[in-house]
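Taking it in order: structure first as structure tokens, then the write-up.
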Amino acid sequence: MQGIKVVSNLAMLIALALSNQVFAETSAKIGAPENSFAKGNAEKGQQIASQVCASCHNADGNSTIPANPILAGQHAEYITKQLINFKARDNKPAERPSPVMSAMVVTLSPDDMKNLGAYYTSQNPKPGVAKDKTLAEQGEKIYRGGNIESGVPACASCHSPNGAGIPPFYPRLAGQHAEYTVAQLRAFRTEQRANDINKVMRGVVTRMSEKEMQTVAEFISGLR
Ligand code: HEC
Ligand code: HEC
């Protein structure tokens, strides 16, 4: 038990160091002073969300379409960071390319992005249910213990045992659509998604098999 405690304290320390780095690097991208993009106005965010985003992510962020991520209950700062990352800037391609989302962020100001984060984080995520229990049981082993043979780390150490993540920048995964999660793991593996600072997720997925990605995604979809 002592060992587990030391490991989880270490994870918190690393999470803190990472969050300072992400704040600094991401704020610099939008020319904002450090930390300034963390706070937003949920009511203003709701206006944009209901007009522009609801058709795909649902009014309260509980998307019902498997390719569109659930945003309800996600950390505000993580959402704001993703919106920043969907935008191409300085003549470089977006760090997180998405034909759909790149069109959505064109007209959003940094303040809009903060406000949208504040809105979605205030919404309650609907409890998830895994469709395939056998697959989910296999995935639970990877989520909690990783794969010691191939060196896949336990997801729980950074995304927390119940999938709530560690605010501000380790995202909540609990209840997410399995299809979306698998798509993201694949995108990290092909480095099409390259917005994870210090290549944290790209390092995790290089050692994962396709089967492991599917089982762990199924398990995550049932976490609540
Ligand atoms: C036409 C459908 C559509 C609309 C409208 C849309 N989105 Fe998305 N959104 C998507 C899809 C698809 C993805 C997954 C992109 C990918 O493959 O990485 C996504 C991803 C995201 C993510 C990343 C979530 C995560 O967990 O990393 C955020 C944040 C987001 N959208 C916010 C918004 C906001 C805010 C709006 C309104 C301004 C919006 N979206 C409008 C389809 C849509
Ligand atoms: C060392 C810490 C760490 C470990 C271990 C880790 N992750 Fe992550 N993960 C992150 C960070 C940080 C991000 C956010 C990257 C960004 O800024 O977009 C992330 C993002 C993700 C995303 C994208 C979420 C979204 O909404 O788009 C998924 C899916 C994910 N991780 C799944 C996993 C799985 C499955 C495992 C275990 C096999 C795992 N992670 C292990 C740190 C970690």
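Every chain in the structure tokens has a letter given in the order shown (A, B, ...), and although residue numbers restart at 1 in each chain, ligands are simply numbered from 1 in the order shown.
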**Cut-off 7 Å, only C-alpha atoms and all ligand atoms, neighbours of ligand 2 as a PyMOL selection string** = chain A and resi 69+78+81-82+142-143+146+152-155+157-159+169-173+181-182+184-185+195-197+200-201+204-205+213+216-217
Save the residues we just selected, N, CA and C atoms, as a CSV table (one decimal), in the first residue's frame?
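Just written: selection-v2.csv:
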```csv
chain,number,residue,atom,x,y,z
A,69,PRO,N,-16.8,13.6,-29.5
A,69,PRO,CA,-16.6,13.3,-28.1
A,69,PRO,C,-17.6,14.0,-27.2
A,78,TYR,N,-8.5,21.9,-20.2
A,78,TYR,CA,-8.2,21.0,-21.3
A,78,TYR,C,-9.0,21.3,-22.6
A,81,LYS,N,-7.5,24.3,-24.3
A,81,LYS,CA,-6.2,23.9,-24.9
A,81,LYS,C,-6.5,23.2,-26.3
A,82,GLN,N,-7.5,22.3,-26.3
A,82,GLN,CA,-7.8,21.6,-27.5
A,82,GLN,C,-8.3,22.6,-28.6
A,142,ILE,N,-5.4,-3.4,-18.5
A,142,ILE,CA,-4.5,-2.5,-19.1
A,142,ILE,C,-4.7,-1.1,-18.4
A,143,TYR,N,-5.9,-0.7,-18.2
A,143,TYR,CA,-6.2,0.6,-17.6
A,143,TYR,C,-5.6,0.7,-16.3
A,146,GLY,N,-1.5,-1.6,-16.8
A,146,GLY,CA,-0.7,-1.5,-18.0
A,146,GLY,C,-0.3,-2.9,-18.5
A,152,VAL,N,3.6,-1.0,-21.6
A,152,VAL,CA,2.5,0.0,-21.6
A,152,VAL,C,2.2,0.5,-20.2
A,153,PRO,N,2.2,1.8,-19.9
A,153,PRO,CA,2.0,2.2,-18.5
A,153,PRO,C,0.5,2.2,-18.2
A,154,ALA,N,0.2,2.1,-16.9
A,154,ALA,CA,-1.2,2.1,-16.5
A,154,ALA,C,-1.9,3.4,-16.8
A,155,CYS,N,-3.0,3.4,-17.4
A,155,CYS,CA,-3.7,4.7,-17.7
A,155,CYS,C,-4.2,5.4,-16.5
A,157,SER,N,-2.8,5.9,-13.8
A,157,SER,CA,-1.8,6.8,-13.1
A,157,SER,C,-1.9,8.2,-13.5
A,158,CYS,N,-2.3,8.4,-14.7
A,158,CYS,CA,-2.5,9.8,-15.2
A,158,CYS,C,-4.0,10.2,-15.4
A,159,HIS,N,-4.8,9.3,-15.7
A,159,HIS,CA,-6.3,9.6,-15.9
A,159,HIS,C,-7.1,9.3,-14.7
A,169,PHE,N,-4.9,19.4,-17.0
A,169,PHE,CA,-4.6,19.0,-18.4
A,169,PHE,C,-4.6,17.5,-18.6
A,170,TYR,N,-4.8,16.6,-17.6
A,170,TYR,CA,-4.9,15.2,-17.8
A,170,TYR,C,-6.4,15.0,-18.0
A,171,PRO,N,-6.9,14.7,-19.2
A,171,PRO,CA,-8.3,14.8,-19.5
A,171,PRO,C,-9.1,13.7,-18.8
A,172,ARG,N,-10.4,14.0,-18.5
A,172,ARG,CA,-11.4,13.0,-18.1
A,172,ARG,C,-11.6,12.1,-19.2
A,173,LEU,N,-11.7,10.8,-19.0
A,173,LEU,CA,-12.0,9.8,-20.0
A,173,LEU,C,-13.3,9.1,-19.7
A,181,THR,N,-12.5,7.2,-28.6
A,181,THR,CA,-11.2,6.9,-27.8
A,181,THR,C,-10.2,6.2,-28.7
A,182,VAL,N,-10.7,5.1,-29.4
A,182,VAL,CA,-9.8,4.3,-30.3
A,182,VAL,C,-9.3,5.3,-31.4
A,184,GLN,N,-8.6,8.4,-31.2
A,184,GLN,CA,-7.6,9.2,-30.7
A,184,GLN,C,-6.3,8.5,-30.4
A,185,LEU,N,-6.4,7.2,-29.9
A,185,LEU,CA,-5.2,6.4,-29.7
A,185,LEU,C,-4.5,6.2,-31.0
A,195,ASN,N,-0.4,17.0,-30.2
A,195,ASN,CA,-0.5,18.2,-29.3
A,195,ASN,C,-0.3,17.8,-27.9
A,196,ASP,N,0.2,16.6,-27.6
A,196,ASP,CA,0.5,16.1,-26.3
A,196,ASP,C,1.9,16.6,-25.9
A,197,ILE,N,2.0,17.5,-24.9
A,197,ILE,CA,3.3,18.1,-24.6
A,197,ILE,C,4.2,17.0,-24.0
A,200,VAL,N,3.7,12.7,-24.4
A,200,VAL,CA,3.3,11.9,-23.3
A,200,VAL,C,2.4,10.7,-23.8
A,201,MET,N,1.4,11.0,-24.6
A,201,MET,CA,0.5,10.0,-25.1
A,201,MET,C,1.1,9.2,-26.3
A,204,VAL,N,2.9,6.5,-24.9
A,204,VAL,CA,2.1,5.4,-24.3
A,204,VAL,C,1.6,4.5,-25.5
A,205,VAL,N,1.2,5.1,-26.6
A,205,VAL,CA,0.5,4.2,-27.6
A,205,VAL,C,1.5,3.5,-28.5
A,213,MET,N,-5.9,-1.4,-27.7
A,213,MET,CA,-6.6,-0.1,-27.8
A,213,MET,C,-8.1,-0.3,-27.7
A,216,VAL,N,-9.3,-1.4,-24.0
A,216,VAL,CA,-9.2,-0.3,-23.0
A,216,VAL,C,-10.2,0.8,-23.3
A,217,ALA,N,-10.5,1.0,-24.6
A,217,ALA,CA,-11.5,2.0,-25.0
A,217,ALA,C,-12.9,1.5,-24.5
```
Enumerate, in order of chain and increasing residue number, the residues of chain A with an atom no farther than 6 Å from ligand 1, each with its shortest atom pair and distance in Å to one decimal, counting only C-alpha atoms and all ligand atoms, as CSV.
```
residue,atom,partner,partner_atom_place_in_ligand_line,distance
A:Ala49,CA,ligand 1,37 (C),5.5
A:Val52,CA,ligand 1,37 (C),4.8
A:Cys53,CA,ligand 1,37 (C),3.4
A:Ser55,CA,ligand 1,5 (C),5.7
A:Cys56,CA,ligand 1,2 (C),4.3
A:Ala67,CA,ligand 1,12 (C),5.5
A:Asn68,CA,ligand 1,11 (C),4.5
A:Pro69,CA,ligand 1,24 (C),5.6
A:Ile79,CA,ligand 1,29 (C),4.4
A:Gln82,CA,ligand 1,29 (C),5.4
A:Leu83,CA,ligand 1,29 (C),5.6
A:Ser98,CA,ligand 1,16 (C),5.3
A:Val100,CA,ligand 1,1 (C),5.8
A:Met101,CA,ligand 1,8 (Fe),5.4
A:Met104,CA,ligand 1,38 (C),5.4
A:Leu116,CA,ligand 1,35 (C),5.7
```
**Prompt:** Leaving out Ala72 in chain A and any residue of its chain fewer than 2 positions from it, which residues lie within 6 Å of it when counting only C-alpha atoms, given as a PyMOL selection string?
**Reply:** chain A and resi 61-62+70+74+120-121+123-125
**Request:** Could you check which of A:Asn115, A:Ser122, A:Ser109, A:Ser27 is closest to Gln47 in chain A, using only C-alpha atoms?
**Result:** A:Asn115
**Atomic separation - CA of Ala118 in chain A relative to CA of Asn41 in chain A, Å** =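 Those two atoms sit 6.0 Å apart.
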**Request:** Please provide as a VMD selection string all residues within 9 Å of Gln138 in chain A, with the sequence filter that same-chain residues fewer than 5 positions apart are discarded (counting only C-alpha atoms).
**Result:** chain A and resid 133 212 215 to 216 219
Export, as a PDB file, in the first residue's frame, the selected residues with N, CA and C atoms.
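And here's again06.pdb as it stands now:
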```
ATOM      1  N   LYS A 133     -19.048  -6.549 -22.261  1.00  0.00           N
ATOM      2  CA  LYS A 133     -18.464  -6.746 -20.927  1.00  0.00           C
ATOM      3  C   LYS A 133     -17.142  -7.521 -20.975  1.00  0.00           C
ATOM      4  N   GLU A 212      -5.413  -4.076 -27.803  1.00  0.00           N
ATOM      5  CA  GLU A 212      -5.361  -3.408 -26.498  1.00  0.00           C
ATOM      6  C   GLU A 212      -6.084  -2.067 -26.539  1.00  0.00           C
ATOM      7  N   THR A 215      -9.833  -2.832 -26.387  1.00  0.00           N
ATOM      8  CA  THR A 215     -10.337  -3.308 -25.089  1.00  0.00           C
ATOM      9  C   THR A 215     -10.331  -2.171 -24.062  1.00  0.00           C
ATOM     10  N   VAL A 216      -9.259  -1.385 -24.046  1.00  0.00           N
ATOM     11  CA  VAL A 216      -9.172  -0.319 -23.041  1.00  0.00           C
ATOM     12  C   VAL A 216     -10.231   0.754 -23.326  1.00  0.00           C
ATOM     13  N   PHE A 219     -13.498  -0.500 -21.971  1.00  0.00           N
ATOM     14  CA  PHE A 219     -13.546  -0.353 -20.513  1.00  0.00           C
ATOM     15  C   PHE A 219     -13.828   1.103 -20.117  1.00  0.00           C
TER      16      PHE A 219
END
```
**Asked** Could you state the separation of CA of Pro97 in chain A and CA of Glu191 in chain A in Å, given to one decimal place?
**Response**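 Between CA of Pro97 in chain A and CA of Glu191 in chain A the gap is 10.5 Å.
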**Request:** Find the residue from A:Glu149, A:Glu77, A:Asp112, A:Glu179 that sits nearest to Ala130 in chain A; use only C-alpha atoms when measuring.
**Result:**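 Closest to Ala130 in chain A, using only C-alpha atoms: A:Glu179.
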**Complete:** Using only C-alpha atoms, the shortest atom-to-atom distance to Arg89 in chain A among A:Lys29, A:Arg224, A:Lys199, A:Lys211 belongs to A:Lys29
**Request:** Find the residue from A:Gln21, A:Ser150, A:Ser221, A:Gln46 that sits nearest to Gln176 in chain A; use only C-alpha atoms when measuring.
**Result:**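 Of A:Gln21, A:Ser150, A:Ser221, A:Gln46, the one nearest Gln176 in chain A is A:Ser221, counting only C-alpha atoms.
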**Prompt:** What does the distance between CA of Ser19 in chain A and CA of Ile166 in chain A come to in Å, to one decimal place?
**Reply:**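 So the two atoms, CA of Ser19 in chain A and CA of Ile166 in chain A, lie 9.9 Å apart.
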**Request:** Show which residues sit within 12 Å of Asp111 in chain A, as a VMD selection string. Count only C-alpha atoms, and ignore same-chain residues fewer than 2 positions away.
**Result:** chain A and resid 30 32 36 to 42 44 to 45 48 80 83 to 84 105 107 to 109 113 to 118
Those residues you just picked out, can you put them in a file as an mmCIF file, in the first residue's frame with N, CA and C atoms?
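Saved result, out29.cif, follows:
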```cif
data_model
loop_
_atom_site.group_PDB
_atom_site.id
_atom_site.type_symbol
_atom_site.label_atom_id
_atom_site.label_comp_id
_atom_site.auth_asym_id
_atom_site.auth_seq_id
_atom_site.Cartn_x
_atom_site.Cartn_y
_atom_site.Cartn_z
ATOM 1 N N ILE A 30 -1.296 31.751 -27.950
ATOM 2 C CA ILE A 30 -2.380 32.703 -28.236
ATOM 3 C C ILE A 30 -2.016 34.098 -27.746
ATOM 4 N N ALA A 32 -1.324 35.128 -24.840
ATOM 5 C CA ALA A 32 -1.983 35.504 -23.588
ATOM 6 C C ALA A 32 -1.002 35.344 -22.433
ATOM 7 N N SER A 36 -3.821 32.941 -17.961
ATOM 8 C CA SER A 36 -4.983 33.787 -18.174
ATOM 9 C C SER A 36 -6.099 33.052 -18.906
ATOM 10 N N PHE A 37 -5.764 31.941 -19.591
ATOM 11 C CA PHE A 37 -6.831 31.289 -20.336
ATOM 12 C C PHE A 37 -7.591 30.283 -19.487
ATOM 13 N N ALA A 38 -7.289 30.258 -18.190
ATOM 14 C CA ALA A 38 -7.906 29.238 -17.347
ATOM 15 C C ALA A 38 -9.342 29.569 -16.932
ATOM 16 N N LYS A 39 -9.682 30.831 -16.827
ATOM 17 C CA LYS A 39 -11.022 31.155 -16.303
ATOM 18 C C LYS A 39 -11.925 31.705 -17.395
ATOM 19 N N GLY A 40 -13.155 31.264 -17.397
ATOM 20 C CA GLY A 40 -14.097 31.737 -18.407
ATOM 21 C C GLY A 40 -15.472 31.959 -17.832
ATOM 22 N N ASN A 41 -16.370 32.456 -18.686
ATOM 23 C CA ASN A 41 -17.739 32.762 -18.282
ATOM 24 C C ASN A 41 -18.677 31.727 -18.916
ATOM 25 N N ALA A 42 -19.242 30.865 -18.054
ATOM 26 C CA ALA A 42 -20.037 29.731 -18.544
ATOM 27 C C ALA A 42 -21.283 30.188 -19.313
ATOM 28 N N LYS A 44 -21.709 32.922 -21.159
ATOM 29 C CA LYS A 44 -21.322 33.326 -22.520
ATOM 30 C C LYS A 44 -20.956 32.104 -23.349
ATOM 31 N N GLY A 45 -20.326 31.136 -22.704
ATOM 32 C CA GLY A 45 -19.965 29.895 -23.403
ATOM 33 C C GLY A 45 -21.204 29.159 -23.878
ATOM 34 N N ILE A 48 -22.657 30.314 -27.314
ATOM 35 C CA ILE A 48 -21.980 29.775 -28.503
ATOM 36 C C ILE A 48 -22.286 28.283 -28.630
ATOM 37 N N THR A 80 -10.182 24.243 -23.491
ATOM 38 C CA THR A 80 -9.616 25.458 -24.092
ATOM 39 C C THR A 80 -8.336 25.117 -24.861
ATOM 40 N N LEU A 83 -9.143 23.517 -28.209
ATOM 41 C CA LEU A 83 -9.643 24.492 -29.185
ATOM 42 C C LEU A 83 -8.482 25.291 -29.769
ATOM 43 N N ILE A 84 -7.524 25.644 -28.916
ATOM 44 C CA ILE A 84 -6.322 26.346 -29.404
ATOM 45 C C ILE A 84 -5.561 25.438 -30.378
ATOM 46 N N VAL A 105 -13.256 26.429 -35.147
ATOM 47 C CA VAL A 105 -12.484 27.337 -34.299
ATOM 48 C C VAL A 105 -12.062 28.623 -35.017
ATOM 49 N N THR A 107 -13.571 31.188 -36.110
ATOM 50 C CA THR A 107 -14.137 32.458 -35.633
ATOM 51 C C THR A 107 -14.085 32.602 -34.103
ATOM 52 N N LEU A 108 -13.524 31.618 -33.408
ATOM 53 C CA LEU A 108 -13.517 31.710 -31.936
ATOM 54 C C LEU A 108 -12.324 32.532 -31.446
ATOM 55 N N SER A 109 -12.574 33.482 -30.562
ATOM 56 C CA SER A 109 -11.489 34.243 -29.929
ATOM 57 C C SER A 109 -10.982 33.445 -28.719
ATOM 58 N N MET A 113 -13.017 30.659 -26.316
ATOM 59 C CA MET A 113 -12.499 29.322 -25.985
ATOM 60 C C MET A 113 -12.505 29.076 -24.483
ATOM 61 N N LYS A 114 -12.178 30.118 -23.724
ATOM 62 C CA LYS A 114 -12.238 30.010 -22.258
ATOM 63 C C LYS A 114 -13.670 29.819 -21.790
ATOM 64 N N ASN A 115 -14.580 30.604 -22.399
ATOM 65 C CA ASN A 115 -15.983 30.554 -21.984
ATOM 66 C C ASN A 115 -16.604 29.189 -22.298
ATOM 67 N N LEU A 116 -16.230 28.621 -23.445
ATOM 68 C CA LEU A 116 -16.748 27.291 -23.808
ATOM 69 C C LEU A 116 -16.238 26.238 -22.827
ATOM 70 N N GLY A 117 -14.982 26.353 -22.420
ATOM 71 C CA GLY A 117 -14.433 25.426 -21.417
ATOM 72 C C GLY A 117 -15.217 25.522 -20.118
ATOM 73 N N ALA A 118 -15.488 26.761 -19.695
ATOM 74 C CA ALA A 118 -16.226 26.977 -18.444
ATOM 75 C C ALA A 118 -17.636 26.401 -18.536
#
```
**Prompt:** With only C-alpha atoms as the atoms that count, which of A:His75, A:Lys126, A:Asn20, A:Ile148 lies nearest to Asn58 in chain A?
**Reply:** A:Lys126
**Request:** Just the alpha helix (DSSP H) stuff from range 45-186 of chain A, please, per backbone DSSP, written as a ChimeraX atom specification.
**Result:** /A:45-48,54-57,76-85,99-105,110-121,133-145,156-159,178-186
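Using only C-alpha atoms for every distance, the candidate list A:Leu18, A:Pro127, A:Arg189, A:Ala174 yields A:Arg189 as the residue closest to Arg202 in chain A.
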